[in-house]
Amino acid sequence: MELRRPSLNGKPPQAVSFAQYADLINSQGNSTNMALLVGNSNLRTHAMGYADRPATNEELTIMENMLVQAMKEGAWGLSTGLTYVPSEFATTQELIALCKKMKPYGGVYNSHMRNESDRLEEAVDEVIEIARASGCKGHISHLKTTGHQNWGKAKRCLSRIEEANRQGVDITFDVHPYNAGSLSLASMLPRWVLSENYGENFRLLKDPESKERIAADLQRTGWENLVLLSGFDHIVVSYAAGQPQYNGKTITRIAEELKVSELDAFLRVLLDCKGDVMSVFYAIGEEDLRTFLQSPYCSIGTDAFARHYSGPTAAGTPHPRNYGGFPRFLGKYVRDEKLMSLEEGIRKITGYPAKCFGLRGRGLLKEGYHADLVAFDPKTIAEQGDFITPNRKPKGIEYVVINGKMAVDKGQFQDIRAGRMLLHHEQ
């Protein structure tokens, strides 16, 4: 296929391989540096669609070959979303097989785990087992305890991670500094809905028998049931495509306004928006968050999208972590609550994550390293946005330097596109 030049009119660049995508990004430049992982859902979709079953040997070979090709072309590892279709259909053995193929290239197994609530500890054990059996480094994305009944599990999770490291299994994790999470509203549906022709006019959401089955599933435990863990009154619609009247409202409030049940309101929003709905849910343990933050194996992440302060990417009421995750961490948890020293806080967002993922020549202020720098005022740095008005600039950040060029000057963004795709094999 002929390599097409990237467009600059807001449309995503088109590519058919990791190498082509890297070339596209580097040809147009980027606001930040990028180091990308290979999505397990992408591999599964290409090899076997949305099938809810283990991969056959032939399908696994297709996934292995695609992963190896991407690793050779500069990818940094394999990423799973094991509470999302179709990645959640992958078995532990399938993931071990993929990681074994990735091991010679130094890839990291980065996992949004299979469960973050009732079976949280078992999910941590699975990441450890995959890393142990494959020989790859393991990293857990935004470790958290979800649901009131699971608050207090942080220390038990940490003991597993610490013991694995003592045994020589390299396991680390990151945390985003909020007690609320965010995901697509459709992801809260039972998995059978998402795997059985969900996209065909959303037939299952309209069918009376299917609605009855959905209602029953949303009342039972045994799966990552965020509706049950949060409650409809703690699930907020943050972006509803084409239906702004739903933005910023809980499912409970929408049900009251529509004069229908909460379940009907939940399904109505999905149908009206054709599934294109983001949500914020409040169910994460704050004390457990503080415990995780203080672990030496913890780095800080945002779990965010690239968003502007206005325009299409700021539509709705997205999670404030998209705008203020690091300022919140440094202002609230480091400076105000004194959970750690400023030096340790900075290490958790610079040098330590660079070490975890093998980014050489970055993450430290050191002669000979790439000049990726942020100048901030530790006395004033703070998140300005909140869950009502998230898209506000943080305070205290005056200068940002990307690869030696000024990307933020006196608090103002400079469209210089000095960032580039960082390729693993070039490290």
# chains A, B, ... in the order shown; residues from 1 in each chain; ligands from 1
$ residues_around --residues "Asn165 in chain A" --least-positions-apart "6" --cutoff "12 Å" --atoms "only C-alpha atoms" --output "PyMOL selection string"
chain A and resi 128+131-132+137-139+158-159+171-172+296-297
$ select_by_dssp --residues "range 124-261 of chain A" --states "strand (DSSP E)" --output "MDAnalysis selection string"
chainID A and resid 137:140 171:175 180:184 235:240 249:250
$ select_by_dssp --residues "range 83-142 of chain A" --states "alpha helix (DSSP H)" --output "MDAnalysis selection string"
chainID A and resid 92:102 120:134
$ write_last_selection --atoms "N, CA and C atoms" --output "mmCIF file, in the first residue's frame"
data_model
loop_
_atom_site.group_PDB
_atom_site.id
_atom_site.type_symbol
_atom_site.label_atom_id
_atom_site.label_comp_id
_atom_site.auth_asym_id
_atom_site.auth_seq_id
_atom_site.Cartn_x
_atom_site.Cartn_y
_atom_site.Cartn_z
ATOM 1 N N THR A 92 -5.359 -16.549 29.867
ATOM 2 C CA THR A 92 -4.026 -16.331 30.441
ATOM 3 C C THR A 92 -2.956 -16.998 29.584
ATOM 4 N N GLN A 93 -3.209 -18.210 29.139
ATOM 5 C CA GLN A 93 -2.219 -18.925 28.333
ATOM 6 C C GLN A 93 -1.975 -18.238 26.995
ATOM 7 N N GLU A 94 -3.015 -17.670 26.412
ATOM 8 C CA GLU A 94 -2.864 -16.924 25.161
ATOM 9 C C GLU A 94 -1.941 -15.721 25.367
ATOM 10 N N LEU A 95 -2.115 -15.027 26.479
ATOM 11 C CA LEU A 95 -1.287 -13.850 26.769
ATOM 12 C C LEU A 95 0.153 -14.252 27.075
ATOM 13 N N ILE A 96 0.340 -15.375 27.753
ATOM 14 C CA ILE A 96 1.690 -15.868 28.010
ATOM 15 C C ILE A 96 2.389 -16.180 26.686
ATOM 16 N N ALA A 97 1.665 -16.816 25.765
ATOM 17 C CA ALA A 97 2.252 -17.161 24.462
ATOM 18 C C ALA A 97 2.675 -15.909 23.705
ATOM 19 N N LEU A 98 1.844 -14.863 23.715
ATOM 20 C CA LEU A 98 2.189 -13.621 23.039
ATOM 21 C C LEU A 98 3.417 -12.974 23.686
ATOM 22 N N CYS A 99 3.445 -12.978 25.004
ATOM 23 C CA CYS A 99 4.575 -12.354 25.705
ATOM 24 C C CYS A 99 5.882 -13.109 25.472
ATOM 25 N N LYS A 100 5.799 -14.425 25.349
ATOM 26 C CA LYS A 100 7.015 -15.200 25.053
ATOM 27 C C LYS A 100 7.593 -14.799 23.700
ATOM 28 N N LYS A 101 6.720 -14.553 22.732
ATOM 29 C CA LYS A 101 7.194 -14.117 21.419
ATOM 30 C C LYS A 101 7.802 -12.715 21.482
ATOM 31 N N MET A 102 7.323 -11.919 22.419
ATOM 32 C CA MET A 102 7.774 -10.534 22.561
ATOM 33 C C MET A 102 9.060 -10.420 23.384
ATOM 34 N N LEU A 120 -9.892 -8.528 42.582
ATOM 35 C CA LEU A 120 -8.708 -7.707 42.355
ATOM 36 C C LEU A 120 -7.416 -8.467 42.609
ATOM 37 N N GLU A 121 -7.343 -9.183 43.724
ATOM 38 C CA GLU A 121 -6.096 -9.881 44.066
ATOM 39 C C GLU A 121 -5.786 -10.991 43.064
ATOM 40 N N GLU A 122 -6.814 -11.689 42.605
ATOM 41 C CA GLU A 122 -6.592 -12.716 41.592
ATOM 42 C C GLU A 122 -6.093 -12.090 40.286
ATOM 43 N N ALA A 123 -6.580 -10.886 39.971
ATOM 44 C CA ALA A 123 -6.136 -10.206 38.750
ATOM 45 C C ALA A 123 -4.668 -9.818 38.838
ATOM 46 N N VAL A 124 -4.248 -9.348 40.020
ATOM 47 C CA VAL A 124 -2.823 -9.045 40.234
ATOM 48 C C VAL A 124 -2.002 -10.316 40.063
ATOM 49 N N ASP A 125 -2.496 -11.417 40.622
ATOM 50 C CA ASP A 125 -1.788 -12.698 40.494
ATOM 51 C C ASP A 125 -1.634 -13.101 39.029
ATOM 52 N N GLU A 126 -2.652 -12.811 38.200
ATOM 53 C CA GLU A 126 -2.566 -13.178 36.786
ATOM 54 C C GLU A 126 -1.458 -12.403 36.084
ATOM 55 N N VAL A 127 -1.352 -11.097 36.361
ATOM 56 C CA VAL A 127 -0.271 -10.304 35.762
ATOM 57 C C VAL A 127 1.084 -10.875 36.166
ATOM 58 N N ILE A 128 1.222 -11.213 37.446
ATOM 59 C CA ILE A 128 2.476 -11.776 37.937
ATOM 60 C C ILE A 128 2.781 -13.099 37.241
ATOM 61 N N GLU A 129 1.765 -13.945 37.074
ATOM 62 C CA GLU A 129 1.961 -15.247 36.432
ATOM 63 C C GLU A 129 2.376 -15.089 34.970
ATOM 64 N N ILE A 130 1.747 -14.136 34.253
ATOM 65 C CA ILE A 130 2.102 -13.913 32.852
ATOM 66 C C ILE A 130 3.536 -13.432 32.738
ATOM 67 N N ALA A 131 3.940 -12.521 33.622
ATOM 68 C CA ALA A 131 5.320 -12.033 33.611
ATOM 69 C C ALA A 131 6.300 -13.136 33.983
ATOM 70 N N ARG A 132 5.947 -13.938 34.981
ATOM 71 C CA ARG A 132 6.834 -15.028 35.421
ATOM 72 C C ARG A 132 7.009 -16.077 34.329
ATOM 73 N N ALA A 133 5.900 -16.490 33.732
ATOM 74 C CA ALA A 133 5.956 -17.573 32.754
ATOM 75 C C ALA A 133 6.620 -17.146 31.450
ATOM 76 N N SER A 134 6.494 -15.863 31.091
ATOM 77 C CA SER A 134 7.040 -15.398 29.818
ATOM 78 C C SER A 134 8.438 -14.819 29.938
#
$ residues_around --residues "range 355-362 of chain A" --least-positions-apart "6" --cutoff "9 Å" --atoms "only C-alpha atoms" --output "compact mmCIF listing (two decimals) with N, CA and C atoms, in the first residue's frame"
# COMPACT_ATOMS: atom_id res chain seq x y z
N ALA A 35 5.50 6.93 22.83
CA ALA A 35 6.07 5.58 22.88
C ALA A 35 4.90 4.63 23.01
N TRP A 76 6.76 -0.87 22.03
CA TRP A 76 7.38 -1.02 23.35
C TRP A 76 6.83 -2.19 24.15
N GLY A 77 5.80 -2.83 23.64
CA GLY A 77 5.26 -3.96 24.38
C GLY A 77 3.82 -4.25 23.99
N GLY A 106 12.51 -7.32 24.22
CA GLY A 106 12.50 -6.47 25.40
C GLY A 106 11.18 -5.78 25.68
N GLY A 107 10.08 -6.33 25.18
CA GLY A 107 8.78 -5.70 25.36
C GLY A 107 8.24 -5.83 26.77
N VAL A 108 7.41 -4.87 27.16
CA VAL A 108 6.75 -4.85 28.47
C VAL A 108 5.33 -5.36 28.32
N LYS A 137 8.84 -8.19 31.59
CA LYS A 137 8.49 -7.28 32.66
C LYS A 137 6.98 -7.07 32.64
N HIS A 139 3.66 -4.69 33.97
CA HIS A 139 3.26 -3.39 34.52
C HIS A 139 1.75 -3.32 34.54
N THR A 172 5.69 -3.68 38.19
CA THR A 172 5.47 -2.31 38.66
C THR A 172 4.03 -1.92 38.31
N SER A 299 4.37 4.46 39.84
CA SER A 299 4.57 5.70 39.08
C SER A 299 3.20 6.32 38.85
N GLY A 368 23.85 15.08 28.47
CA GLY A 368 23.78 14.04 27.45
C GLY A 368 22.40 13.47 27.23
N TYR A 369 21.45 13.78 28.12
CA TYR A 369 20.08 13.30 27.97
C TYR A 369 19.29 14.25 27.06
N HIS A 370 18.21 13.73 26.49
CA HIS A 370 17.35 14.58 25.68
C HIS A 370 16.72 15.66 26.55
N ALA A 371 16.58 16.85 26.01
CA ALA A 371 16.06 17.99 26.77
C ALA A 371 14.54 18.01 26.74
N ASP A 372 13.93 17.12 27.52
CA ASP A 372 12.48 17.14 27.76
C ASP A 372 12.29 17.67 29.18
N LEU A 422 9.00 7.72 19.57
CA LEU A 422 10.19 7.07 20.10
C LEU A 422 10.08 5.58 19.82
N HIS A 424 11.44 1.68 20.09
CA HIS A 424 12.16 0.85 21.06
C HIS A 424 13.50 0.37 20.52
N GLN A 427 16.59 2.65 20.91
CA GLN A 427 17.11 3.04 22.22
C GLN A 427 18.51 2.49 22.44
$ closest_residue --among "A:Ile349, A:Leu423, A:His308, A:Gly324" --to "Ile397 in chain A" --atoms "only C-alpha atoms"
A:Gly324
$ atom_distance --atom1 "CA of Tyr309 in chain A" --atom2 "CA of Thr389 in chain A"
10.6 Å
$ closest_residue --among "A:Met66, A:Lys348, A:Arg420, A:Leu364" --to "Ala22 in chain A" --atoms "only C-alpha atoms"
A:Arg420
$ closest_residue --among "A:Ile214, A:Ala354, A:Met406, A:Leu205" --to "Ala375 in chain A" --atoms "only C-alpha atoms"
A:Met406
$ closest_residue --among "A:Ala51, A:Ala241, A:Leu37, A:Leu263" --to "Asp217 in chain A" --atoms "only C-alpha atoms"
A:Leu263
$ residues_around --residues "Arg328 in chain A" --least-positions-apart "6" --cutoff "9 Å" --atoms "only C-alpha atoms" --output "list in words"
Pro177, Tyr178, Arg321, Val334, Ile381, Ala382, Glu383, Gln384 and Pro394 of chain A
